[in-house]
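K.L.:
Below is one structure. I have some questions about it.
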Amino acid sequence: MKHCRSVKSKGKKEEAMHSRVTRPTIGIGMVGHGFMGSVHTHAWRSVDRLFDAPLRPELVAVCGLRWPEAQEAAVRLGYGAAEPDYLRLLERDDVGIVDVCTPNHSHAEIAIAALAAGKHVLCEKPLAATVTEAEEMVEAAARARSHGQYAMVGFTYRRVPAIALAKQIVREGRLGTIRHVRARYLQDWLVDPCFPLAWRLKREYAGTGALGDLGAHIIDLAQFVTGKRIEGVSALLETFIKERPLPADSDSPSPAGDAIGPVTVDDAALFHARFEGGAIGAFESTRFALGRENHISLEINGSAGSIVYDFESMNELQLWDAAGAKMVSGFRRVAVQEPINAYVQKWWPPGHDYAFTSQAFDFLTTITEGRDPAPTFADALQVQRVMAAVESSSAANGAFVDVVATDAQQHA
Ligand code: SOE
């Protein structure tokens, strides 16, 4: 029998384990602790458990303007400290990476200061509220780079394995010359006219509405996957609900009272685009598409094939190419969840992140409330008995075998 593990590979494994233990840490300073701050924090925590990253992130401090919310966020998210303003965060020697998850209008100020203070910066999208700010950020990043500091923006969907595969397919020329790009990013959380005037609905904080919040992602994705830049556009922006109740605070989902204020950004952004190389594109982003929670889709048609991506089936890609058409016509569903696909090898199979974390939550909640967490041991005993019956039946050439009745209560 072939030996599966040689002495040499065992040595390598020990070496790897040793380097995991001894590898250097890098302190994370989070600015902002709303939805994005929480999601980014989850990522900093998970990356160390899932990937063999060369640096181990440490959640050093989180910064928020409102006190004691920032202190509460430090505890909730697992940071060692809370800081009342970002300049205090930048003074800390134990912070190596500043993660900017604040409203868009403050990205430039914080990111530029952080780079000047010698920190690496990860900044949420859109990069800035205006082109001028974005240009200043690019200059600051170039200066910082010459001193060894790096900057990145959170166009996160580039890291979806199926998107990485789509890019590879286009890069390998399997679609031929790209002719059409169709990209949509649809959400529905603004349909209710009582949804308050949060910062994302004010130009002075957000810069733009659906365009920057969602459109920025699909503009990036389309250019990333095709490798072609957009050279010109023809657009239509619309604000369906012009006034909304003022919120209790800038992030609150509930109105403060009867006072209302104007919505100063777009609710929906539609545009046609010309790409370098001759392709044309159609883009749509809206937060008014009822039933769409986080729908991102991308279709690319070339002279030799097409690909279709739909984030609601996030690990799939539909591929039509001439090679397939010789045998059968129609799109082929490609499951992008094998270790050969980018990023997949580091993740557990689909569902293991959500389901296991939800399981831990339900367990902690029910034991605290003095209720039985389900599924119970009795539930599992019944499964066990079915399995035993399966074995008995198989041993008896498939004869029908009764499952022993379980009298314990089920708590499913
Ligand atoms: C809200 O619409 C939002 O959180 C965006 O700002 C994010 O970029 C997107 O990933 C999810 O939706």
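Convention: chains lettered A, B, ... in structure tokens order; per-chain residue numbering from 1; ligands numbered from 1 as shown.
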Select the residues contacting ligand 1 at a distance of at most 9 Å, based on only C-alpha atoms and all ligand atoms, then format the selection as a list of chain:residue names.
P.N.:
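If we count only C-alpha atoms and all ligand atoms, the neighbours of ligand 1 turn out to be A:Phe35, A:Met36, A:Glu124, A:Lys125, A:Pro126, A:Gly154, A:Phe155, A:Thr156, A:Tyr157, A:Gln187, A:Trp189, A:Arg200, A:Ala210, A:Gly212, A:Asp213, A:Leu214, A:Ala216, A:His217, A:Arg287, A:Glu293, A:Asn294.
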K.L.:
Take the selection from the previous step and output its residues with N, CA and C atoms, as a PDB file, in the first residue's frame.
P.N.:
```
ATOM      1  N   PHE A  35     -22.778  48.457  10.247  1.00  0.00           N
ATOM      2  CA  PHE A  35     -22.888  47.187   9.522  1.00  0.00           C
ATOM      3  C   PHE A  35     -21.538  46.755   8.935  1.00  0.00           C
ATOM      4  N   MET A  36     -20.897  47.673   8.197  1.00  0.00           N
ATOM      5  CA  MET A  36     -19.645  47.297   7.541  1.00  0.00           C
ATOM      6  C   MET A  36     -18.518  47.042   8.554  1.00  0.00           C
ATOM      7  N   GLU A 124     -13.459  51.074   2.860  1.00  0.00           N
ATOM      8  CA  GLU A 124     -14.709  50.618   2.231  1.00  0.00           C
ATOM      9  C   GLU A 124     -14.971  51.409   0.944  1.00  0.00           C
ATOM     10  N   LYS A 125     -15.788  50.831   0.092  1.00  0.00           N
ATOM     11  CA  LYS A 125     -16.199  51.508  -1.139  1.00  0.00           C
ATOM     12  C   LYS A 125     -17.444  52.334  -0.869  1.00  0.00           C
ATOM     13  N   PRO A 126     -17.814  53.294  -1.706  1.00  0.00           N
ATOM     14  CA  PRO A 126     -16.963  53.829  -2.761  1.00  0.00           C
ATOM     15  C   PRO A 126     -15.778  54.545  -2.118  1.00  0.00           C
ATOM     16  N   GLY A 154     -12.339  48.193  -0.627  1.00  0.00           N
ATOM     17  CA  GLY A 154     -13.130  46.975  -0.407  1.00  0.00           C
ATOM     18  C   GLY A 154     -14.126  46.646  -1.499  1.00  0.00           C
ATOM     19  N   PHE A 155     -13.668  46.461  -2.723  1.00  0.00           N
ATOM     20  CA  PHE A 155     -14.548  45.901  -3.749  1.00  0.00           C
ATOM     21  C   PHE A 155     -14.543  44.392  -3.547  1.00  0.00           C
ATOM     22  N   THR A 156     -15.256  43.989  -2.531  1.00  0.00           N
ATOM     23  CA  THR A 156     -15.145  42.640  -1.977  1.00  0.00           C
ATOM     24  C   THR A 156     -15.558  41.536  -2.939  1.00  0.00           C
ATOM     25  N   TYR A 157     -16.534  41.840  -3.806  1.00  0.00           N
ATOM     26  CA  TYR A 157     -17.090  40.763  -4.641  1.00  0.00           C
ATOM     27  C   TYR A 157     -16.076  40.211  -5.645  1.00  0.00           C
ATOM     28  N   GLN A 187     -31.227  45.928  -4.607  1.00  0.00           N
ATOM     29  CA  GLN A 187     -31.663  45.712  -3.223  1.00  0.00           C
ATOM     30  C   GLN A 187     -33.044  46.352  -3.068  1.00  0.00           C
ATOM     31  N   TRP A 189     -34.268  47.818   0.277  1.00  0.00           N
ATOM     32  CA  TRP A 189     -34.494  48.328   1.634  1.00  0.00           C
ATOM     33  C   TRP A 189     -34.982  49.771   1.709  1.00  0.00           C
ATOM     34  N   ARG A 200     -26.798  57.414   4.257  1.00  0.00           N
ATOM     35  CA  ARG A 200     -26.661  56.947   2.872  1.00  0.00           C
ATOM     36  C   ARG A 200     -27.600  57.676   1.908  1.00  0.00           C
ATOM     37  N   ALA A 210     -27.719  54.970  -4.753  1.00  0.00           N
ATOM     38  CA  ALA A 210     -27.539  53.601  -5.258  1.00  0.00           C
ATOM     39  C   ALA A 210     -26.307  53.538  -6.162  1.00  0.00           C
ATOM     40  N   GLY A 212     -23.255  54.938  -5.907  1.00  0.00           N
ATOM     41  CA  GLY A 212     -21.992  54.653  -5.213  1.00  0.00           C
ATOM     42  C   GLY A 212     -22.080  53.442  -4.306  1.00  0.00           C
ATOM     43  N   ASP A 213     -23.277  53.233  -3.729  1.00  0.00           N
ATOM     44  CA  ASP A 213     -23.436  52.146  -2.771  1.00  0.00           C
ATOM     45  C   ASP A 213     -23.406  50.793  -3.474  1.00  0.00           C
ATOM     46  N   LEU A 214     -24.118  50.711  -4.598  1.00  0.00           N
ATOM     47  CA  LEU A 214     -24.228  49.435  -5.310  1.00  0.00           C
ATOM     48  C   LEU A 214     -23.553  49.493  -6.684  1.00  0.00           C
ATOM     49  N   ALA A 216     -21.079  51.183  -7.711  1.00  0.00           N
ATOM     50  CA  ALA A 216     -19.607  51.136  -7.668  1.00  0.00           C
ATOM     51  C   ALA A 216     -19.125  49.689  -7.742  1.00  0.00           C
ATOM     52  N   HIS A 217     -19.853  48.785  -7.076  1.00  0.00           N
ATOM     53  CA  HIS A 217     -19.447  47.373  -7.093  1.00  0.00           C
ATOM     54  C   HIS A 217     -19.529  46.794  -8.507  1.00  0.00           C
ATOM     55  N   ARG A 287     -32.143  50.506  -4.967  1.00  0.00           N
ATOM     56  CA  ARG A 287     -32.490  49.964  -3.651  1.00  0.00           C
ATOM     57  C   ARG A 287     -34.007  49.893  -3.542  1.00  0.00           C
ATOM     58  N   GLU A 293     -32.767  41.132  -2.087  1.00  0.00           N
ATOM     59  CA  GLU A 293     -32.023  41.476  -0.874  1.00  0.00           C
ATOM     60  C   GLU A 293     -30.621  41.958  -1.229  1.00  0.00           C
ATOM     61  N   ASN A 294     -29.971  41.164  -2.027  1.00  0.00           N
ATOM     62  CA  ASN A 294     -28.592  41.507  -2.413  1.00  0.00           C
ATOM     63  C   ASN A 294     -28.308  40.818  -3.742  1.00  0.00           C
TER      64      ASN A 294
END
```
K.L.:
DSSP on the backbone: what in segment 255-377 of chain A comes out helix (DSSP H, G or I), as a PyMOL selection string?
P.N.:
chain A and resi 311-313+322-327+344-346+352-368+377
K.L.:
Identify, on the basis of only C-alpha atoms, every residue whose closest approach to segment 334-346 of chain A does not exceed 7 Å; exclude the query and any residue fewer than 4 positions from it along the same chain; express the result as a list of chain:residue names.
P.N.:
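The residues that qualify are A:Leu50, A:Phe51, A:Pro161, A:Ala162, A:Ala164, A:Asn315, A:Glu316, A:Leu317, A:Gln318, A:Leu319.
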K.L.:
Please give the complete set of residues from segment 132-289 of chain A that DSSP, run on the backbone, assigns to strand (DSSP E), formatted as a PyMOL selection string.
P.N.:
chain A and resi 151-153+178-186+230-238+243-247+255-262+268-275+280-286
K.L.:
Which one is closest to Val121 of chain A: A:Ala73, A:Val263, A:Met30, A:Val39? Count only C-alpha atoms.
P.N.:
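Smallest separation from Val121 of chain A among the options: A:Met30.
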K.L.:
Skipping near chain neighbours, those fewer than 3 positions away, what residues fall within 12 Å of Glu72 of chain A using only C-alpha atoms, listed as a short mmCIF file (atom, residue, chain, number, x, y, z; two decimals) with C-alpha atoms, in the first residue's frame?
P.N.:
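Everything below was put into result04.cif:
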```
data_model
loop_
_atom_site.label_atom_id
_atom_site.label_comp_id
_atom_site.auth_asym_id
_atom_site.auth_seq_id
_atom_site.Cartn_x
_atom_site.Cartn_y
_atom_site.Cartn_z
CA HIS A 33 -18.69 50.02 13.91
CA GLY A 34 -21.93 49.96 11.92
CA ALA A 61 -9.10 49.20 18.99
CA VAL A 62 -12.31 50.43 17.44
CA CYS A 63 -13.12 54.06 17.01
CA GLY A 64 -16.53 55.70 16.97
CA ARG A 66 -20.54 58.39 19.76
CA TRP A 67 -19.79 57.36 23.30
CA PRO A 68 -20.63 54.93 24.93
CA GLU A 69 -21.64 53.20 21.64
CA VAL A 75 -16.94 44.63 23.68
CA ARG A 76 -19.40 43.32 21.08
CA LEU A 77 -16.84 43.01 18.30
CA GLY A 78 -13.92 41.89 20.49
CA TYR A 79 -11.57 44.88 20.31
CA GLY A 80 -9.14 45.50 23.19
CA ALA A 81 -10.08 49.17 23.42
CA ALA A 82 -12.39 51.89 22.16
CA GLU A 83 -11.10 55.27 20.98
#
```
K.L.:
Let me make sure I understand: among A:Thr102, A:Arg20, A:Leu298, A:Arg385, which one has the smallest atom-to-atom distance to Val401 of chain A if we use only C-alpha atoms?
P.N.:
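Of A:Thr102, A:Arg20, A:Leu298, A:Arg385, the one nearest Val401 of chain A, counting only C-alpha atoms, is A:Arg385.
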K.L.:
Could you list, as a list of chain:residue names, every residue within 9 Å of Ala166 of chain A, counting only C-alpha atoms and ignoring same-chain residues fewer than 3 positions away?
P.N.:
A:Pro161, A:Ala162, A:Ile163, A:Ile169, A:Val170, A:Arg171, A:Val225, A:Thr226, A:Ile307, A:Val308, A:Tyr309, A:Leu317
K.L.:
Take the residues just selected and output them with C-alpha atoms as a PDB file, in the first residue's frame.
P.N.:
```pdb
ATOM      1  CA  PRO A 161     -14.733  32.281  -6.391  1.00  0.00           C
ATOM      2  CA  ALA A 162     -17.164  32.284  -9.357  1.00  0.00           C
ATOM      3  CA  ILE A 163     -16.181  35.871 -10.196  1.00  0.00           C
ATOM      4  CA  ILE A 169     -12.350  32.458 -18.519  1.00  0.00           C
ATOM      5  CA  VAL A 170     -12.348  35.914 -20.137  1.00  0.00           C
ATOM      6  CA  ARG A 171      -8.575  36.298 -19.705  1.00  0.00           C
ATOM      7  CA  VAL A 225     -13.858  40.543 -15.177  1.00  0.00           C
ATOM      8  CA  THR A 226     -13.541  41.918 -18.721  1.00  0.00           C
ATOM      9  CA  ILE A 307     -21.000  33.716 -19.055  1.00  0.00           C
ATOM     10  CA  VAL A 308     -23.793  34.518 -16.627  1.00  0.00           C
ATOM     11  CA  TYR A 309     -23.320  35.074 -12.912  1.00  0.00           C
ATOM     12  CA  LEU A 317     -21.428  30.232 -13.184  1.00  0.00           C
TER      13      LEU A 317
END
```
K.L.:
For His147 of chain A, which residue among A:His42, A:Arg229, A:Lys119, A:Arg371 is the nearest when counting only C-alpha atoms?
P.N.:
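Selected residue with least distance to His147 of chain A: A:Lys119.
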K.L.:
Hey, could you make a per-residue contact list for segment 258-363 of chain A against segment 175-182 of chain A with 10 Å as the cut-off, showing the nearest pair of atoms and its distance in Å to one decimal, counting only C-alpha atoms, sorted by chain and number, as a Markdown table?
P.N.:
```
| residue | atom | partner | partner_atom | distance |
| --- | --- | --- | --- | --- |
| A:His272 | CA | A:Arg182 | CA | 9.4 |
| A:Ala273 | CA | A:Val181 | CA | 8.9 |
| A:Arg274 | CA | A:His180 | CA | 9.6 |
| A:Phe275 | CA | A:Val181 | CA | 9.1 |
| A:Gly277 | CA | A:Ile178 | CA | 8.0 |
| A:Gly278 | CA | A:Arg179 | CA | 6.8 |
| A:Ala279 | CA | A:Arg179 | CA | 4.2 |
| A:Ile280 | CA | A:His180 | CA | 5.2 |
| A:Gly281 | CA | A:Val181 | CA | 4.4 |
| A:Ala282 | CA | A:Arg182 | CA | 4.9 |
| A:Phe283 | CA | A:Arg182 | CA | 6.1 |
| A:Glu284 | CA | A:Arg182 | CA | 8.5 |
| A:Ser297 | CA | A:Arg182 | CA | 7.8 |
| A:Leu298 | CA | A:Arg182 | CA | 5.6 |
| A:Glu299 | CA | A:Arg182 | CA | 5.0 |
| A:Ile300 | CA | A:Val181 | CA | 4.7 |
| A:Asn301 | CA | A:His180 | CA | 5.0 |
| A:Gly302 | CA | A:Ile178 | CA | 4.0 |
| A:Ser303 | CA | A:Gly176 | CA | 4.9 |
| A:Ala304 | CA | A:Leu175 | CA | 4.6 |
| A:Gly305 | CA | A:Leu175 | CA | 4.2 |
| A:Ser306 | CA | A:Leu175 | CA | 6.0 |
| A:Ile307 | CA | A:Leu175 | CA | 8.0 |
| A:Val308 | CA | A:Arg182 | CA | 9.2 |
| A:Leu319 | CA | A:Leu175 | CA | 9.4 |
| A:Trp320 | CA | A:Leu175 | CA | 8.6 |
| A:Asp321 | CA | A:Leu175 | CA | 6.9 |
| A:Ala322 | CA | A:Leu175 | CA | 8.8 |
```
K.L.:
Quick check, in Å to one decimal: how far apart do atom CA of Gly209 of chain A and atom CA of Phe288 of chain A lie?
P.N.:
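Atom CA of Phe288 of chain A lies at a distance of 11.7 Å from atom CA of Gly209 of chain A.
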K.L.:
Between A:Thr208, A:Ser393, A:Gln149, A:Thr239, which has the minimum distance to Val131 of chain A (counting only C-alpha atoms)?
P.N.:
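Under the stated criterion, the closest residue is A:Thr208.
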